[in-house]
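Text of work-v3.cif, listed as mmCIF, C-alpha atoms:
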```cif
data_target
loop_
_atom_site.label_atom_id
_atom_site.label_comp_id
_atom_site.auth_asym_id
_atom_site.auth_seq_id
_atom_site.Cartn_x
_atom_site.Cartn_y
_atom_site.Cartn_z
CA MET A 315 0.00 0.00 0.00
CA ASN A 316 1.29 3.46 -0.93
CA ILE A 317 0.78 6.25 1.63
CA LEU A 318 1.25 9.97 0.98
CA PHE A 319 1.75 12.49 3.79
CA ALA A 320 0.80 15.99 2.60
CA TYR A 321 1.54 19.25 4.40
CA ILE A 322 3.01 22.77 4.04
CA THR A 323 6.51 22.17 5.39
CA PRO A 324 8.85 19.14 5.45
CA PHE A 325 8.44 16.79 8.41
CA HIS A 326 11.57 17.40 10.49
CA PRO A 327 11.74 15.10 13.55
CA ASN A 328 13.85 17.50 15.62
CA LYS A 329 11.32 20.35 15.29
CA GLY A 330 8.64 18.61 17.35
CA GLY A 331 4.92 18.56 16.68
CA ILE A 332 3.70 17.19 13.35
CA GLY A 333 7.26 16.69 12.13
CA ARG A 334 8.21 14.31 14.92
CA VAL A 335 4.86 12.48 14.71
CA THR A 336 5.11 11.98 10.95
CA HIS A 337 8.72 10.84 11.18
CA GLU A 338 7.92 8.18 13.78
CA LEU A 339 4.85 6.99 11.87
CA THR A 340 6.87 6.83 8.64
CA LEU A 341 9.62 4.67 10.15
CA GLU A 342 7.10 2.22 11.58
CA LEU A 343 5.05 2.09 8.36
CA LEU A 344 8.21 1.44 6.34
CA ARG A 345 9.15 -1.33 8.77
CA ARG A 346 5.73 -2.90 8.12
CA GLY A 347 6.22 -2.87 4.36
CA TYR A 348 4.32 0.26 3.30
CA LYS A 349 5.67 2.69 0.71
CA VAL A 350 5.61 6.24 2.07
CA TYR A 351 5.89 9.58 0.25
CA TYR A 352 5.96 13.26 1.29
CA LEU A 353 4.40 16.02 -0.82
CA ILE A 354 4.74 19.65 0.26
CA TYR A 355 2.78 22.73 -0.74
CA ARG A 356 5.41 25.46 -0.50
CA CYS A 357 3.71 28.54 0.97
CA GLY A 358 5.00 31.65 2.72
CA ILE A 359 5.63 29.90 6.05
CA THR A 360 7.28 26.77 4.62
CA VAL A 361 10.66 25.98 6.17
CA MET A 362 12.80 23.93 3.79
CA HIS A 363 14.83 21.82 6.20
CA GLU A 364 18.04 20.14 5.13
CA TYR A 365 17.56 16.59 6.34
CA ASN A 366 17.94 13.05 5.04
CA TYR A 367 14.26 12.12 5.04
CA PRO A 368 13.18 8.46 5.28
CA ALA A 369 10.65 8.97 2.44
CA PRO A 370 10.92 10.70 -0.96
CA LEU A 371 10.04 14.40 -0.60
CA THR A 372 8.61 16.53 -3.41
CA TYR A 373 7.49 20.18 -3.58
CA LEU A 374 4.53 21.36 -5.62
CA PRO A 375 5.49 23.95 -8.28
CA SER A 376 3.37 26.97 -7.30
CA GLN A 377 3.00 29.04 -4.13
CA GLU A 378 -0.62 29.67 -5.08
CA CYS A 379 -2.31 26.81 -3.27
CA LEU A 380 -5.23 26.02 -5.58
CA SER A 381 -3.55 27.05 -8.84
CA LYS A 382 -4.20 24.91 -11.90
CA GLU A 383 -0.47 24.12 -11.93
CA ASN A 384 -0.56 22.69 -8.40
CA ILE A 385 -3.73 20.69 -8.92
CA GLU A 386 -2.40 19.14 -12.12
CA ALA A 387 0.96 18.37 -10.50
CA TYR A 388 -0.81 16.83 -7.49
CA HIS A 389 -3.00 14.58 -9.61
CA CYS A 390 -0.02 13.55 -11.72
CA TYR A 391 1.94 12.71 -8.55
CA LEU A 392 -0.91 10.54 -7.25
CA ARG A 393 -1.09 8.63 -10.54
CA GLU A 394 2.65 8.17 -11.04
CA ASN A 395 3.26 6.93 -7.49
CA LYS A 396 0.06 4.85 -7.38
CA ILE A 397 -0.98 6.46 -4.11
CA ASP A 398 -3.71 4.59 -2.25
CA ILE A 399 -4.23 6.92 0.71
CA VAL A 400 -3.43 10.59 1.29
CA ILE A 401 -2.93 11.65 4.90
CA ASN A 402 -3.79 15.33 4.83
CA GLN A 403 -1.82 16.73 7.78
CA SER A 404 -3.44 20.16 7.28
CA GLY A 405 -6.96 19.05 8.15
CA ASN A 406 -7.62 22.18 10.21
CA PHE A 407 -6.33 24.63 7.63
CA SER A 408 -7.04 26.01 4.17
CA ASP A 409 -4.55 23.97 2.13
CA SER A 410 -6.82 20.98 2.90
CA LEU A 411 -8.83 22.07 -0.12
CA LEU A 412 -5.88 21.09 -2.28
CA TRP A 413 -5.21 17.73 -0.63
CA VAL A 414 -8.83 16.54 -0.62
CA ASN A 415 -9.11 17.24 -4.36
CA THR A 416 -7.96 13.94 -5.84
CA GLY A 417 -9.90 14.37 -9.06
CA ASN A 418 -11.44 11.18 -10.37
CA LEU A 419 -8.66 9.01 -8.99
CA PRO A 420 -9.50 6.09 -6.66
CA VAL A 421 -7.54 7.66 -3.79
CA LYS A 422 -8.83 7.90 -0.22
CA VAL A 423 -8.14 10.97 1.93
CA ILE A 424 -7.78 11.07 5.71
CA SER A 425 -7.76 14.65 7.04
CA VAL A 426 -5.96 14.92 10.37
CA ILE A 427 -6.87 17.58 12.94
CA HIS A 428 -3.71 18.16 14.98
CA THR A 429 -5.21 20.67 17.39
CA THR A 430 -8.65 21.63 18.67
CA PRO A 431 -11.01 22.10 15.71
CA TRP A 432 -11.85 25.59 16.98
CA VAL A 433 -8.12 26.47 17.19
CA SER A 434 -7.96 29.64 19.37
CA TYR A 435 -11.61 30.70 18.92
CA LYS A 436 -12.68 29.82 22.47
CA HIS A 437 -9.57 31.43 23.93
CA LEU A 438 -9.45 34.52 21.71
CA TRP A 439 -9.86 36.95 24.62
CA ARG A 440 -6.77 35.50 26.31
CA GLU A 441 -4.84 36.23 23.12
CA ILE A 442 -5.95 39.80 22.45
CA TYR A 443 -6.18 41.22 25.98
CA PRO A 444 -2.60 40.95 27.34
CA LEU A 445 -0.08 43.72 26.72
CA ARG A 446 2.84 42.65 24.52
CA ASN A 447 5.03 45.29 26.16
CA ASN A 448 4.63 48.43 28.28
CA SER A 449 4.94 51.00 25.50
CA LYS A 450 2.26 53.63 24.91
CA ILE A 451 1.78 52.37 21.37
CA GLU A 452 1.09 48.84 22.59
CA LYS A 453 -1.44 50.16 25.14
CA LEU A 454 -3.27 51.93 22.33
CA LYS A 455 -3.13 48.77 20.22
CA ARG A 456 -4.64 46.79 23.06
CA ILE A 457 -7.55 49.23 23.27
CA ALA A 458 -8.08 48.77 19.53
CA ARG A 459 -8.00 44.98 19.91
CA ILE A 460 -10.56 45.12 22.71
CA LEU A 461 -12.87 47.34 20.67
CA LEU A 462 -12.54 45.02 17.69
CA TYR A 463 -12.98 41.84 19.77
CA PRO A 464 -16.66 41.16 18.87
CA LYS A 465 -15.92 41.54 15.15
CA LEU A 466 -12.74 39.44 15.39
CA LYS A 467 -14.59 36.65 17.18
CA TYR A 468 -17.45 36.72 14.69
CA GLU A 469 -15.06 36.55 11.71
CA PHE A 470 -13.03 33.78 13.33
CA ARG A 471 -16.14 31.66 13.94
CA LYS A 472 -17.33 32.28 10.41
CA SER A 473 -14.00 31.19 8.93
CA ARG A 474 -14.01 27.97 10.97
CA ILE A 475 -17.51 27.09 9.79
CA GLU A 476 -16.68 27.87 6.16
CA HIS A 477 -13.55 25.72 6.30
CA TYR A 478 -15.32 22.66 7.67
CA LYS A 479 -18.28 23.04 5.30
CA LYS A 480 -15.82 22.71 2.42
CA MET A 481 -13.45 20.13 3.91
CA LEU A 482 -15.81 17.62 5.55
CA PRO A 483 -17.85 16.62 2.45
CA ALA A 484 -14.68 16.18 0.38
CA THR A 485 -12.67 13.98 2.76
CA ASP A 486 -13.24 10.28 3.45
CA TYR A 487 -12.33 10.40 7.14
CA VAL A 488 -11.52 13.07 9.70
CA CYS A 489 -8.99 11.92 12.28
CA THR A 490 -8.72 13.82 15.57
CA LEU A 491 -6.28 13.13 18.40
CA SER A 492 -9.07 12.25 20.83
CA LYS A 493 -12.74 11.28 20.68
CA ASN A 494 -13.31 14.23 23.00
CA TYR A 495 -12.88 16.54 19.98
CA PHE A 496 -15.84 15.04 18.09
CA SER A 497 -18.33 17.36 19.79
CA ASP A 498 -16.29 20.40 18.71
CA ILE A 499 -16.57 19.39 15.05
CA ASP A 500 -20.31 18.85 15.55
CA GLU A 501 -20.56 22.40 16.92
CA ILE A 502 -18.83 23.79 13.85
CA CYS A 503 -20.45 21.70 11.14
CA PRO A 504 -22.78 18.88 12.22
CA GLY A 505 -23.85 15.91 10.14
CA TYR A 506 -20.58 14.08 9.46
CA ARG A 507 -20.15 11.96 12.61
CA GLU A 508 -19.78 8.76 10.55
CA LYS A 509 -16.48 10.12 9.19
CA TYR A 510 -14.91 10.80 12.60
CA ARG A 511 -12.07 8.67 13.89
CA ALA A 512 -9.60 9.29 16.72
CA ILE A 513 -5.95 8.23 16.80
CA PRO A 514 -3.52 9.73 19.33
CA ASN A 515 0.00 10.91 18.64
CA PRO A 516 2.68 8.30 19.30
CA ASN A 517 5.29 8.71 22.01
CA SER A 518 8.37 10.62 20.91
CA TYR A 519 11.07 8.49 22.51
CA SER A 520 11.98 4.83 22.23
CA SER A 521 12.84 2.96 25.41
CA GLU A 522 16.32 2.45 23.94
CA LYS A 523 16.86 6.20 23.57
CA ILE A 524 15.74 6.92 27.12
CA GLY A 525 17.84 4.03 28.40
CA SER A 526 20.96 5.40 26.71
CA TYR A 527 20.97 8.29 29.21
CA HIS A 528 22.03 7.79 32.81
CA ILE A 529 20.57 10.82 34.54
CA GLU A 530 19.29 10.95 38.10
CA LYS A 531 16.23 12.90 39.16
CA LYS A 532 16.74 16.31 40.73
CA LYS A 533 14.54 18.60 42.75
CA GLN A 534 13.64 20.29 39.53
CA VAL A 535 10.41 21.57 38.00
CA LEU A 536 10.39 21.89 34.20
CA TRP A 537 8.50 23.91 31.59
CA VAL A 538 9.08 23.26 27.87
CA GLY A 539 7.56 25.06 24.91
CA LEU A 540 7.31 27.93 22.51
CA PHE A 541 6.96 31.40 24.05
CA CYS A 542 3.54 32.37 22.69
CA THR A 543 0.09 33.25 23.98
CA GLU A 544 -1.49 29.81 23.79
CA LYS A 545 1.37 28.23 25.79
CA ASN A 546 0.97 30.76 28.63
CA PRO A 547 4.66 30.84 29.65
CA THR A 548 4.29 33.93 31.84
CA MET A 549 1.75 32.08 33.98
CA ALA A 550 4.38 29.44 34.75
CA VAL A 551 6.71 32.14 36.08
CA LYS A 552 3.88 33.73 38.10
CA ILE A 553 3.15 30.37 39.74
CA TRP A 554 6.81 29.79 40.61
CA LYS A 555 7.00 33.30 42.03
CA ARG A 556 4.52 32.18 44.71
CA LEU A 557 6.64 29.14 45.60
CA TYR A 558 10.34 29.80 45.23
CA ARG A 559 10.99 31.22 48.71
CA ASP A 560 9.58 28.11 50.40
CA TYR A 561 11.57 25.70 48.19
CA PRO A 562 15.10 27.09 47.85
CA GLU A 563 16.48 23.59 47.20
CA TRP A 564 14.24 23.24 44.12
CA GLU A 565 14.91 24.84 40.74
CA PHE A 566 12.48 25.87 38.01
CA VAL A 567 13.95 25.33 34.52
CA ILE A 568 12.42 26.81 31.37
CA VAL A 569 13.35 25.26 28.02
CA GLY A 570 11.82 27.52 25.42
CA TYR A 571 12.36 30.01 22.66
CA ASN A 572 10.78 33.17 21.28
CA LYS A 573 8.07 33.25 18.68
CA ASN A 574 8.13 37.03 19.09
CA GLY A 575 10.99 38.92 20.71
CA HIS A 576 8.91 40.53 23.44
CA TRP A 577 8.24 37.21 25.18
CA ARG A 578 11.76 36.64 26.54
CA GLU A 579 11.81 40.20 27.85
CA ARG A 580 8.48 39.70 29.61
CA MET A 581 9.56 36.38 31.09
CA GLU A 582 12.86 37.69 32.44
CA SER A 583 11.18 40.79 33.83
CA LEU A 584 8.71 38.63 35.76
CA ALA A 585 11.52 36.38 36.99
CA LYS A 586 13.68 39.24 38.25
CA GLY A 587 14.82 38.59 41.80
CA ILE A 588 14.05 34.85 41.72
CA PRO A 589 17.35 33.01 42.31
CA ASN A 590 16.16 29.46 41.58
CA ILE A 591 14.80 29.92 38.07
CA ARG A 592 16.82 29.23 34.93
CA PHE A 593 16.19 30.00 31.26
CA VAL A 594 18.16 27.66 29.01
CA GLY A 595 16.73 28.71 25.64
CA TYR A 596 16.16 26.37 22.71
CA GLN A 597 17.59 22.97 23.68
CA ASP A 598 16.95 19.28 23.20
CA PRO A 599 14.41 18.81 26.02
CA LEU A 600 15.15 15.13 26.67
CA PRO A 601 18.01 15.53 29.21
CA TYR A 602 15.95 18.10 31.12
CA GLN A 603 12.87 15.86 31.07
CA LEU A 604 14.94 12.99 32.45
CA GLU A 605 16.40 14.99 35.34
CA SER A 606 13.19 16.82 36.29
CA SER A 607 10.79 15.46 38.90
CA ILE A 608 7.79 17.59 37.92
CA PHE A 609 6.64 18.90 34.56
CA CYS A 610 4.41 21.97 34.21
CA LEU A 611 2.09 22.62 31.27
CA THR A 612 0.30 25.98 31.39
CA SER A 613 -1.22 26.04 27.89
CA SER A 614 -4.64 27.52 27.24
CA TYR A 615 -5.16 24.77 24.67
CA GLU A 616 -3.27 22.02 22.87
CA GLY A 617 -4.09 19.39 20.32
CA TRP A 618 -2.34 16.59 22.17
CA GLY A 619 0.45 18.12 24.22
CA MET A 620 3.42 16.00 23.20
CA VAL A 621 5.59 17.62 25.85
CA LEU A 622 3.27 15.95 28.39
CA THR A 623 3.75 12.46 27.01
CA GLU A 624 7.50 13.06 26.62
CA ALA A 625 7.81 14.16 30.24
CA MET A 626 5.81 11.15 31.42
CA GLN A 627 8.03 8.80 29.41
CA CYS A 628 10.89 10.29 31.39
CA GLY A 629 9.14 9.92 34.75
CA ALA A 630 8.45 13.62 35.30
CA VAL A 631 5.03 13.98 36.95
CA PRO A 632 2.83 16.28 34.83
CA VAL A 633 0.70 19.12 36.16
CA ALA A 634 -1.58 20.76 33.58
CA PHE A 635 -4.71 22.84 33.22
CA ASN A 636 -7.76 20.80 32.25
CA SER A 637 -8.21 23.19 29.34
CA PHE A 638 -8.18 20.99 26.24
CA ALA A 639 -10.11 17.87 25.33
CA SER A 640 -7.29 15.33 24.99
CA VAL A 641 -5.58 16.08 28.30
CA THR A 642 -7.82 13.60 30.12
CA ASP A 643 -6.65 10.87 27.70
CA ILE A 644 -3.10 11.51 28.89
CA ILE A 645 -3.39 12.44 32.58
CA ASP A 646 -5.34 10.29 34.99
CA ASP A 647 -5.81 12.93 37.68
CA GLY A 648 -4.29 11.87 41.01
CA ARG A 649 -2.70 8.71 39.58
CA ASN A 650 -0.06 9.70 37.02
CA GLY A 651 -0.36 13.49 37.18
CA VAL A 652 -2.52 16.38 38.30
CA LEU A 653 -5.21 18.29 36.42
CA ILE A 654 -5.93 21.88 37.44
CA LYS A 655 -9.13 23.86 36.99
CA PRO A 656 -8.53 26.41 34.19
CA PHE A 657 -6.85 28.81 34.94
CA SER A 658 -6.46 28.73 38.71
CA ILE A 659 -3.00 29.86 39.80
CA LYS A 660 -3.94 29.14 43.42
CA GLN A 661 -4.90 25.52 42.68
CA TYR A 662 -1.77 25.05 40.55
CA GLU A 663 0.39 26.33 43.40
CA LYS A 664 -1.32 23.95 45.84
CA ALA A 665 -0.69 20.96 43.56
CA LEU A 666 3.01 21.76 43.20
CA ARG A 667 3.37 22.19 46.94
CA GLN A 668 1.76 18.81 47.55
CA LEU A 669 4.13 17.09 45.13
CA MET A 670 7.27 18.82 46.38
CA ASP A 671 6.34 18.16 50.02
CA ASN A 672 5.65 14.44 49.47
CA PRO A 673 8.54 12.56 47.83
CA ASP A 674 6.78 9.18 48.24
CA LEU A 675 3.70 10.47 46.40
CA LEU A 676 5.91 12.01 43.72
CA ASN A 677 7.79 8.75 43.24
CA GLN A 678 4.59 6.69 43.03
CA MET A 679 3.02 9.02 40.46
CA SER A 680 6.25 9.02 38.45
CA LYS A 681 6.12 5.22 38.18
CA TYR A 682 2.48 5.30 37.07
CA ALA A 683 3.28 8.01 34.50
CA GLN A 684 6.00 5.88 32.92
CA GLN A 685 3.77 2.80 32.99
CA ASP A 686 0.54 4.36 31.69
CA ILE A 687 2.09 6.28 28.82
CA LYS A 688 3.29 3.06 27.16
CA GLN A 689 -0.19 2.68 25.66
CA TYR A 690 0.84 5.37 23.15
CA SER A 691 3.88 3.55 21.81
CA VAL A 692 4.40 4.01 18.08
CA GLU A 693 3.62 0.30 17.55
CA ASN A 694 0.20 0.63 19.24
CA VAL A 695 -0.59 3.85 17.38
CA VAL A 696 0.34 2.43 13.97
CA ASP A 697 -1.90 -0.57 14.72
CA GLN A 698 -4.76 1.96 14.87
CA TRP A 699 -3.64 3.59 11.62
CA GLU A 700 -3.56 0.20 9.90
CA ALA A 701 -7.13 -0.47 11.05
CA LEU A 702 -8.18 2.86 9.49
CA PHE A 703 -6.33 2.06 6.26
CA LYS A 704 -8.33 -1.17 6.02
CA GLU A 705 -11.56 0.79 6.51
CA CYS A 706 -10.51 3.10 3.67
CA MET A 707 -9.87 0.22 1.30
CA ILE A 708 -13.23 -1.47 1.87
CA LYS A 709 -15.29 1.75 1.86
#
```
Show this structure as structure tokens.
Amino acid sequence: MNILFAYITPFHPNKGGIGRVTHELTLELLRRGYKVYYLIYRCGITVMHEYNYPAPLTYLPSQECLSKENIEAYHCYLRENKIDIVINQSGNFSDSLLWVNTGNLPVKVISVIHTTPWVSYKHLWREIYPLRNNSKIEKLKRIARILLYPKLKYEFRKSRIEHYKKMLPATDYVCTLSKNYFSDIDEICPGYREKYRAIPNPNSYSSEKIGSYHIEKKKQVLWVGLFCTEKNPTMAVKIWKRLYRDYPEWEFVIVGYNKNGHWRERMESLAKGIPNIRFVGYQDPLPYQLESSIFCLTSSYEGWGMVLTEAMQCGAVPVAFNSFASVTDIIDDGRNGVLIKPFSIKQYEKALRQLMDNPDLLNQMSKYAQQDIKQYSVENVVDQWEALFKECMIK
């Protein structure tokens, strides 16, 4: 069977997210005898990584997504490579309209939703309200954003509905990361429940890779992610600010990098005067995940939250806001981690105190985290993909 992964940027395993997921799925599919291909629509945000990919990678000719040139090239590619199934990795975004258009060819399309179907719609206020910096211009911009908020929200909702009305009829299956997202799609565009399937992201690390490190746990709390609004990095610092004096032997480590330059400035300003906080910038998170005892996620929303599963693989006990649908698939509250009411800083502080004050509890939850997260091994996840492929072929 020939499988095509389609997206807007090459799937680089070291860049996290979709890249790491696709890379792991590709390796396992190749091991099972599938032929795998990558096709990229090169748009304005495409990053052309230099990497020895495990599957042939091709770029479409035009930067105009739905140009005649791209559509013809896409159809020709499907024919020449005898593609059976296209995995549209842009299921939530506009280039889906290219990937679901397979012409009259007998090709099935699975459109994958890698985040919440609403994206930031339900958290839009949290994105527009905060000040980016303390300048007078930014304060005026914030006033403008607040005044425009009703219009922005209306337009955002409208665009989501329009996207799904076009994408859902044209795709064979819609694959979310959790069944808990099905109701969101129903809210946006009801009537397509028979097309919904849910397959989680696979774990990032093999047991061999983790076992190759020999790192002992420290009294260390970790945050990993991109500095951007949806990840809420400043909230992590605000929480630690309430704790650091009582836990001088503990350290809070932040592995992250700027999406916009103002974030690092804001973070360091908030952290001023806190001795046991450390910013390490953009780094391979694995060594930090292995040495940390607790992992903090402060995101307003995620699709899956791969940093959670990575931390749990490494035995770091996760603490996260119960603010996105798939988090309850990952964290069994009180067993292998802690879920916090969105967005209670007080409750988050209390949870961290309980873990740091009780090493036996922390150790027990760490063991459960490592044990429970094995259900998302790449082998188990690809078993689910194979079951969906079979559905496609008999449909």
request  = In Å, rounded to a single decimal, give me how far atom CA of Leu584 of chain A is from atom CA of Val551 of chain A.
outcome  =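 Atom CA of Leu584 of chain A lies at a distance of 6.8 Å from atom CA of Val551 of chain A.
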query = Do you have the atom CA of Pro562 of chain A-atom CA of Asn590 of chain A distance handy?
reply = 6.8 Å
inquiry  = I'd like to see the residues matched by the PyMOL selection byres ((chain A and resi 536) around 8) on this file, and ideally I'd get them as an MDAnalysis selection string.
reply    = chainID A and resid 534:535 537:538 566:569 602:603 606:610
Hits of the PyMOL selection byres ((chain A and resi 460-469) around 9) in this structure, as JSON, numbers by chain = {"A": [435, 436, 438, 439, 442, 443, 455, 456, 457, 458, 459, 470, 471, 472, 473, 474]}
Restricting the output to C-alpha atoms, write the selected residues as a JSON list (two decimals), in the frame of the given file.
```json
[["chain", "number", "residue", "atom", "x", "y", "z"],
["A", 435, "TYR", "CA", -11.61, 30.70, 18.92],
["A", 436, "LYS", "CA", -12.68, 29.82, 22.47],
["A", 438, "LEU", "CA", -9.45, 34.52, 21.71],
["A", 439, "TRP", "CA", -9.86, 36.95, 24.62],
["A", 442, "ILE", "CA", -5.95, 39.80, 22.45],
["A", 443, "TYR", "CA", -6.18, 41.22, 25.98],
["A", 455, "LYS", "CA", -3.13, 48.77, 20.22],
["A", 456, "ARG", "CA", -4.64, 46.79, 23.06],
["A", 457, "ILE", "CA", -7.55, 49.23, 23.27],
["A", 458, "ALA", "CA", -8.08, 48.77, 19.53],
["A", 459, "ARG", "CA", -8.00, 44.98, 19.91],
["A", 470, "PHE", "CA", -13.03, 33.78, 13.33],
["A", 471, "ARG", "CA", -16.14, 31.66, 13.94],
["A", 472, "LYS", "CA", -17.33, 32.28, 10.41],
["A", 473, "SER", "CA", -14.00, 31.19, 8.93],
["A", 474, "ARG", "CA", -14.01, 27.97, 10.97]]
```
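Note that atom CA of Met620 of chain A and atom CA of Leu491 of chain A are 11.2 Å apart.
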All residues 10 Å or closer to Ser434 of chain A, all atoms listed in the file, same chain fewer than 2 positions away omitted, as a ChimeraX atom specification = /A:429-432,436-441,467,470,543-544,614-616
So that I can check the surroundings of Arg556 of chain A, please list as a PDB file with C-alpha atoms, in the frame of the given file every protein, DNA and RNA residue that reaches within 10 Å of it, counting only C-alpha atoms and ignoring chain neighbours fewer than 5 positions away.
```pdb
ATOM      1  CA  VAL A 551       6.710  32.140  36.080  1.00  0.00           C
ATOM      2  CA  ILE A 659      -3.000  29.860  39.800  1.00  0.00           C
ATOM      3  CA  LYS A 660      -3.940  29.140  43.420  1.00  0.00           C
ATOM      4  CA  GLU A 663       0.390  26.330  43.400  1.00  0.00           C
TER       5      GLU A 663
END
```
task = Write out as a count of residues only the residues lying within 10 Å of Gln627 of chain A, counting all atoms listed in the file and excluding same-chain residues fewer than 2 positions away.
result = 25
request  = Given the file shown, determine the residues that the PyMOL selection byres ((chain A and resi 664) around 12) selects; report them as an MDAnalysis selection string.
outcome  = chainID A and resid 553:554 556:557 633 652:655 658:663 665:671
